[in-house]
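Peer 1: I'd like to ask you about the structure that follows.
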Amino acid sequence: MATLPGPLESRLLRLLYCDGPLSRWELHEQVGVRPSTVSATVSALIDRGMLKQNESKPAYGRGRPPVPVEINDSGWGVLGLAIEPGRVSVGYLTPYGRVLGRTLSRKVSRSEAVVTDAKDLLERAMTDQVSAVGVSLPGLMDPVQHKLVLSAAAPGQLMVDLDPIYQAANGCPVILENDMHAIAAQRLLTGSSSAEEDSLLVSVRDGAIGAAMLVDGKPNRGCVTGGNELGHMRFDVKTDRCHCRREGCLACIFSTRFMRSRDEKDAAADSTLTDRLATFDGHDPTVAMILDYLAMALGNAINLIRPSRVILIGEMLQPRLAQSYLAQRVRREMLPGLVGRVHLDISSSPAPSPVEAAGWLALAATYYEEWRQNIYLPPEAQPAKRT
Ligand SMILES: [Zn+2]
């Protein structure tokens with residue numbers, strides 16, 4: 001039966017994740033808890049297979065066992081289950097977030113079957129080494145009732161029951177979060193995001209805009225868990241109907257479908273928005289218009305929440321000219337007093353794979369107690385109170 005580490009266990013694991021190997025004495029000095037308590041907790045973690053002795057680096061502390069300990073990279077891991085529009089995937093991650101082995105993936109042909117497909121894959125991937133399961137989904141969810149409230153992964157459906165996924169985890173802790181929060185977990189644990197800054201994280205893909213407001217590196221949560229719904233910010237533009245059942249959503253505007261609907265005559269019929277962004281020189285009116293709407297949405301979001309940093313991720317915004325055009329337009333939409341105070345990072349780095357990001361949710365919950373808000377623990381898997 002897998003359980004999440006208790007508070008002291010989590011702190012020790014986090015120290016070892018960041019700075020290991022460390023001796024028991026060094027751990028005691030860092031957490032300020034009695035050496036005997038630290039030693040007993042370390043022993044318990046070794047027994048559970050989460051830590052191991054590092055025989056190659058002896059350290060000497062007063063009266064403490066001279067062998068430092070480290071994360072047992074081969075002893076345990078987590079599963080990441082990513083549910084996306086049209087696809088579910090699951091993979092195993094080591095304690096350091098390395099994807100190990102084959103990722104299982106399945107195309108979801110009927111959106112009504114998305115939960116059943118996810119459950120099947122999870123059942124196949126579960127092993128004794130799995131200590132927690134991270135599940136990432138787009139849209140809004142209710143982790144208390146185990147319902148998917150509104151999601152592009154289940155278009156046209158409301159309040160989809162997620163219980164089969166929890167059951168497939170077979171008693172293992174499940175951390176269910178928005179897909180943007182999963183990316184935030186990955187960035188926090190890999191040091192790409194600063195824990196001191198308040199930032200707005202935006203992922204940009206064809207027909208899908210995700211956002212999360214990060215306070216001290218952790219996502220800000222509303223009463224219903226989700227990212228910040230920047231993709232459903234609406235404009236007075238004729239688009240396809242969004243899965244939220246309305247028109248004019250930013251996610252629908254920032255799409256190949258919308259681009260083609262605007263200029264099917266002069267544009268190459270098979271070019272995608274990604275292609276057109278790659279050759280964008282400021283003179284393509286349709287692409288400029290699409291970037292203008294993205295800039296308007298970002299500018300409004302920045303004016304409303306005043307983050308210290310805005311981080312845009314996604315390969316579509318890699319081309320330099322598209323980046324500089326967008327940055328210039330966003331600044332134009334920002335309140336004059338904010339320009340120069342808000343850092344705008346248009347990162348050309350790709351977002352982590354959805355499976356990887358989902359796995360980082362489980363790792364974040366292992367190393368940080370604050371990441372356990374949306375966790376489901378079967379009664380017998382509650383962490384021990386005192387360790
Ligand atoms: Zn919408």
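Ligands are numbered from 1 in the order shown, residues from 1 within each chain, and chains are lettered A, B, ... in the order they appear in the structure tokens.
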Need the shell around Val135 (chain A): protein/DNA/RNA residues with any atom at most 10 Å away, counting only C-alpha atoms. Skip same-chain ones fewer than 3 positions apart. Format as a PyMOL selection string?

Peer 2: chain A and resi 79-83+90+118+132+165-166+174-179+182+354-355+357-362

Peer 1: Pull N, CA, C and O atoms from the residues just selected and write them as a compact mmCIF listing (two decimals), in the first residue's frame.

Peer 2:
```
# COMPACT_ATOMS: atom_id res chain seq x y z
N LEU A 79 3.64 7.63 -11.24
CA LEU A 79 3.05 7.57 -12.59
C LEU A 79 2.47 8.93 -12.94
O LEU A 79 1.92 9.63 -12.08
N GLY A 80 2.60 9.29 -14.19
CA GLY A 80 1.94 10.48 -14.71
C GLY A 80 0.88 10.03 -15.70
O GLY A 80 1.18 9.28 -16.64
N LEU A 81 -0.36 10.43 -15.45
CA LEU A 81 -1.45 10.11 -16.37
C LEU A 81 -1.96 11.42 -16.96
O LEU A 81 -2.47 12.27 -16.24
N ALA A 82 -1.77 11.57 -18.25
CA ALA A 82 -2.18 12.83 -18.91
C ALA A 82 -3.43 12.59 -19.73
O ALA A 82 -3.46 11.70 -20.58
N ILE A 83 -4.45 13.36 -19.45
CA ILE A 83 -5.68 13.28 -20.23
C ILE A 83 -5.78 14.56 -21.05
O ILE A 83 -5.84 15.66 -20.50
N VAL A 90 0.09 7.41 -20.26
CA VAL A 90 0.60 7.20 -18.91
C VAL A 90 2.05 6.76 -18.99
O VAL A 90 2.45 6.06 -19.93
N ALA A 118 -8.68 6.08 -19.81
CA ALA A 118 -7.66 6.48 -18.83
C ALA A 118 -7.53 5.42 -17.74
O ALA A 118 -6.44 5.05 -17.32
N ALA A 132 2.84 7.26 -5.97
CA ALA A 132 1.73 8.20 -6.14
C ALA A 132 1.44 8.35 -7.63
O ALA A 132 2.30 8.08 -8.46
N ILE A 165 -10.97 6.40 -12.33
CA ILE A 165 -9.52 6.65 -12.33
C ILE A 165 -8.96 6.46 -10.92
O ILE A 165 -7.92 5.83 -10.72
N TYR A 166 -9.68 6.99 -9.93
CA TYR A 166 -9.23 6.82 -8.55
C TYR A 166 -9.20 5.34 -8.18
O TYR A 166 -8.30 4.87 -7.48
N VAL A 174 -3.69 9.75 -5.27
CA VAL A 174 -3.89 10.35 -6.59
C VAL A 174 -3.91 11.87 -6.45
O VAL A 174 -4.64 12.40 -5.62
N ILE A 175 -3.08 12.53 -7.24
CA ILE A 175 -3.05 13.99 -7.23
C ILE A 175 -3.60 14.46 -8.56
O ILE A 175 -2.99 14.25 -9.61
N LEU A 176 -4.78 15.02 -8.52
CA LEU A 176 -5.48 15.41 -9.74
C LEU A 176 -5.43 16.93 -9.87
O LEU A 176 -5.83 17.64 -8.96
N GLU A 177 -4.88 17.41 -10.97
CA GLU A 177 -4.72 18.85 -11.13
C GLU A 177 -4.89 19.26 -12.58
O GLU A 177 -4.81 18.44 -13.49
N ASN A 178 -5.07 20.52 -12.75
CA ASN A 178 -5.11 21.11 -14.08
C ASN A 178 -3.76 20.92 -14.79
O ASN A 178 -2.71 20.91 -14.15
N ASP A 179 -3.81 20.78 -16.11
CA ASP A 179 -2.56 20.54 -16.85
C ASP A 179 -1.56 21.69 -16.73
O ASP A 179 -0.35 21.47 -16.75
N ALA A 182 0.32 21.23 -13.61
CA ALA A 182 1.32 20.18 -13.79
C ALA A 182 2.61 20.78 -14.36
O ALA A 182 3.71 20.46 -13.91
N PRO A 354 3.11 15.98 -21.76
CA PRO A 354 2.01 15.92 -20.80
C PRO A 354 2.18 14.84 -19.74
O PRO A 354 1.87 15.06 -18.57
N VAL A 355 2.72 13.68 -20.13
CA VAL A 355 2.94 12.60 -19.17
C VAL A 355 3.97 13.02 -18.11
O VAL A 355 3.80 12.81 -16.91
N ALA A 357 4.77 16.08 -17.23
CA ALA A 357 4.20 17.11 -16.35
C ALA A 357 3.26 16.48 -15.32
O ALA A 357 3.28 16.84 -14.14
N ALA A 358 2.44 15.52 -15.75
CA ALA A 358 1.52 14.86 -14.82
C ALA A 358 2.29 14.14 -13.72
O ALA A 358 1.91 14.18 -12.55
N GLY A 359 3.40 13.50 -14.10
CA GLY A 359 4.23 12.82 -13.12
C GLY A 359 4.82 13.79 -12.11
O GLY A 359 4.91 13.50 -10.91
N TRP A 360 5.21 14.98 -12.58
CA TRP A 360 5.76 15.99 -11.67
C TRP A 360 4.74 16.41 -10.62
O TRP A 360 5.11 16.84 -9.52
N LEU A 361 3.45 16.30 -10.93
CA LEU A 361 2.43 16.60 -9.92
C LEU A 361 2.58 15.67 -8.72
O LEU A 361 2.50 16.09 -7.56
N ALA A 362 2.80 14.38 -9.03
CA ALA A 362 2.96 13.41 -7.95
C ALA A 362 4.27 13.65 -7.21
O ALA A 362 4.33 13.50 -5.98
```

Peer 1: Pick out each residue of region 15-85 of chain A that DSSP on the backbone tags as strand (DSSP E or B); I need them as a PyMOL selection string.

Peer 2: chain A and resi 22+51-53+69-71+77-84

Peer 1: When the cut-off is 10 Å and you count only C-alpha atoms and all ligand atoms, which residues lie near ligand 1, shown as an MDAnalysis selection string?

Peer 2: chainID A and resid 151:152 208 229:234 240:252

Peer 1: Find the distance between CA of Thr272 (chain A) and CA of Arg329 (chain A) and write it in Å to one decimal.

Peer 2: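 Between CA of Thr272 (chain A) and CA of Arg329 (chain A) the gap works out to 22.2 Å.
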
Peer 1: Which value, in Å to one decimal, gives the distance between CA of Gly20 (chain A) and CA of Tyr92 (chain A)?

Peer 2: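 Those two atoms sit 22.2 Å apart.
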
Peer 1: Arg48 (chain A): which residues within 10 Å, counting only C-alpha atoms, same-chain residues fewer than 6 positions away excluded, as a PyMOL selection string?

Peer 2: chain A and resi 2+42+72+75-76

Peer 1: With all heavy atoms retained, write the just-selected residues as a CSV table (one decimal), in the first residue's frame.

Peer 2:
```csv
chain,number,residue,atom,x,y,z
A,2,ALA,N,0.8,2.0,-1.0
A,2,ALA,CA,1.6,3.3,-1.1
A,2,ALA,C,1.0,4.4,-0.3
A,2,ALA,O,-0.2,4.5,-0.2
A,2,ALA,CB,1.7,3.7,-2.5
A,42,VAL,N,14.9,8.6,8.8
A,42,VAL,CA,15.7,8.2,7.7
A,42,VAL,C,15.7,6.7,7.6
A,42,VAL,O,15.5,6.1,6.5
A,42,VAL,CB,17.2,8.7,7.9
A,42,VAL,CG1,18.1,8.0,6.9
A,42,VAL,CG2,17.2,10.2,7.6
A,72,ASN,N,16.6,7.0,-3.2
A,72,ASN,CA,16.8,5.7,-3.9
A,72,ASN,C,16.1,5.7,-5.3
A,72,ASN,O,15.0,5.4,-5.4
A,72,ASN,CB,16.2,4.6,-3.0
A,72,ASN,CG,16.4,3.2,-3.6
A,72,ASN,OD1,17.1,3.0,-4.6
A,72,ASN,ND2,15.9,2.2,-3.0
A,75,GLY,N,14.4,2.6,-6.4
A,75,GLY,CA,13.5,2.0,-5.5
A,75,GLY,C,12.0,2.3,-5.6
A,75,GLY,O,11.2,1.6,-5.2
A,76,TRP,N,11.8,3.5,-6.1
A,76,TRP,CA,10.4,4.0,-6.2
A,76,TRP,C,10.3,5.0,-7.3
A,76,TRP,O,11.2,5.5,-7.9
A,76,TRP,CB,9.9,4.6,-4.9
A,76,TRP,CG,10.7,5.8,-4.5
A,76,TRP,CD1,11.9,5.8,-3.9
A,76,TRP,CD2,10.3,7.2,-4.6
A,76,TRP,NE1,12.3,7.1,-3.7
A,76,TRP,CE2,11.3,8.0,-4.1
A,76,TRP,CE3,9.1,7.8,-5.1
A,76,TRP,CZ2,11.2,9.4,-4.1
A,76,TRP,CZ3,9.1,9.2,-5.1
A,76,TRP,CH2,10.1,10.0,-4.6
```

Peer 1: Would you pick out the contacts of Gln167 (chain A) at 12 Å or less, using only C-alpha atoms, so that residues sharing its chain but fewer than 4 positions from it are not included, and give the list as an NGL selection string?

Peer 2: :A and (115-116 or 118-120 or 122-123 or 126 or 133 or 146 or 161-163 or 171-174 or 376-378)

Peer 1: Would you save the residues from that selection as a compact mmCIF listing (two decimals), in the first residue's frame, using N, CA and C atoms?

Peer 2:
```txt
# COMPACT_ATOMS: atom_id res chain seq x y z
N VAL A 115 -12.69 8.61 -19.78
CA VAL A 115 -12.39 8.16 -18.42
C VAL A 115 -12.11 6.65 -18.41
N THR A 116 -12.90 5.89 -19.16
CA THR A 116 -12.68 4.44 -19.24
C THR A 116 -11.31 4.14 -19.85
N ALA A 118 -8.68 6.08 -19.81
CA ALA A 118 -7.66 6.48 -18.83
C ALA A 118 -7.53 5.42 -17.74
N LYS A 119 -8.67 4.91 -17.28
CA LYS A 119 -8.68 3.88 -16.24
C LYS A 119 -7.94 2.63 -16.72
N ASP A 120 -8.23 2.19 -17.96
CA ASP A 120 -7.58 0.99 -18.50
C ASP A 120 -6.06 1.15 -18.55
N LEU A 122 -4.18 3.19 -16.83
CA LEU A 122 -3.62 3.30 -15.49
C LEU A 122 -3.49 1.92 -14.85
N GLU A 123 -4.52 1.10 -15.03
CA GLU A 123 -4.47 -0.26 -14.47
C GLU A 123 -3.29 -1.03 -15.03
N MET A 126 0.14 0.36 -13.37
CA MET A 126 0.39 0.32 -11.93
C MET A 126 1.35 -0.82 -11.57
N VAL A 133 0.22 8.78 -7.94
CA VAL A 133 -0.18 8.97 -9.33
C VAL A 133 -0.59 10.43 -9.54
N HIS A 146 -14.75 14.43 -7.21
CA HIS A 146 -14.15 13.62 -8.28
C HIS A 146 -14.89 13.82 -9.61
N ASP A 161 -17.77 11.94 -14.28
CA ASP A 161 -17.34 11.22 -13.09
C ASP A 161 -15.92 10.66 -13.28
N LEU A 162 -15.02 11.03 -12.36
CA LEU A 162 -13.63 10.56 -12.46
C LEU A 162 -13.33 9.39 -11.54
N ASP A 163 -14.33 8.90 -10.83
CA ASP A 163 -14.10 7.84 -9.85
C ASP A 163 -13.37 6.62 -10.40
N GLY A 171 -5.68 2.26 -4.42
CA GLY A 171 -5.26 2.65 -3.07
C GLY A 171 -4.07 3.57 -3.04
N CYS A 172 -3.45 3.83 -4.18
CA CYS A 172 -2.29 4.71 -4.25
C CYS A 172 -2.79 6.17 -4.22
N PRO A 173 -2.07 7.08 -3.56
CA PRO A 173 -2.51 8.48 -3.57
C PRO A 173 -2.62 9.03 -4.99
N VAL A 174 -3.69 9.75 -5.27
CA VAL A 174 -3.89 10.35 -6.59
C VAL A 174 -3.91 11.87 -6.45
N TYR A 376 -6.33 12.82 -3.24
CA TYR A 376 -7.28 11.87 -2.69
C TYR A 376 -6.49 10.75 -2.03
N LEU A 377 -6.70 10.52 -0.77
CA LEU A 377 -6.03 9.44 -0.08
C LEU A 377 -7.08 8.49 0.47
N PRO A 378 -7.00 7.24 0.10
CA PRO A 378 -7.91 6.29 0.77
C PRO A 378 -7.57 6.29 2.26
```

Peer 1: Near Glu55 (chain A), within 9 Å and counting only C-alpha atoms, which residues show up once chain neighbours fewer than 4 positions away are dropped, as a VMD selection string?

Peer 2: chain A and resid 67 to 69

Peer 1: Compile the contact shell of Asn228 (chain A) as a VMD selection string: residues with an atom at most 7 Å away, counting only C-alpha atoms, same-chain residues fewer than 6 positions apart removed.

Peer 2: chain A and resid 211 to 213

Peer 1: Considering only C-alpha atoms, return as a ChimeraX atom specification whatever protein or nucleic-acid residues lie within 6 Å of region 308-311 of chain A, sequence-local ones (same chain, fewer than 6 positions apart) excluded.

Peer 2: /A:198-201,342-346

Peer 1: Grab the CA of Met50 (chain A) to CA of Asp73 (chain A) distance for me, in Å with one decimal place.

Peer 2: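 These atoms are spaced 7.9 Å apart.
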
Peer 1: Going by DSSP on the backbone, which residues of region 63-118 of chain A come out as helix (DSSP H, G or I)? List them as a list in words.

Peer 2: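 For region 63-118 of chain A, the helix (DSSP H, G or I) set is Ser111, Glu112, Ala113, Val114, Val115, Thr116, Asp117 and Ala118 of chain A.
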
Peer 1: With distances taken over only C-alpha atoms, which of A:Val99, A:Met159, A:Ile313, A:Ala153 is nearest to Met141 (chain A)?

Peer 2: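 Among the listed residues, the smallest separation from Met141 (chain A) belongs to A:Met159.
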
Peer 1: Using only C-alpha atoms, can you tell me which of A:Leu148, A:Ala125, A:Leu312, A:Leu13 comes closest to Leu298 (chain A)?

Peer 2: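 Among the listed residues, the smallest separation from Leu298 (chain A) belongs to A:Leu312.
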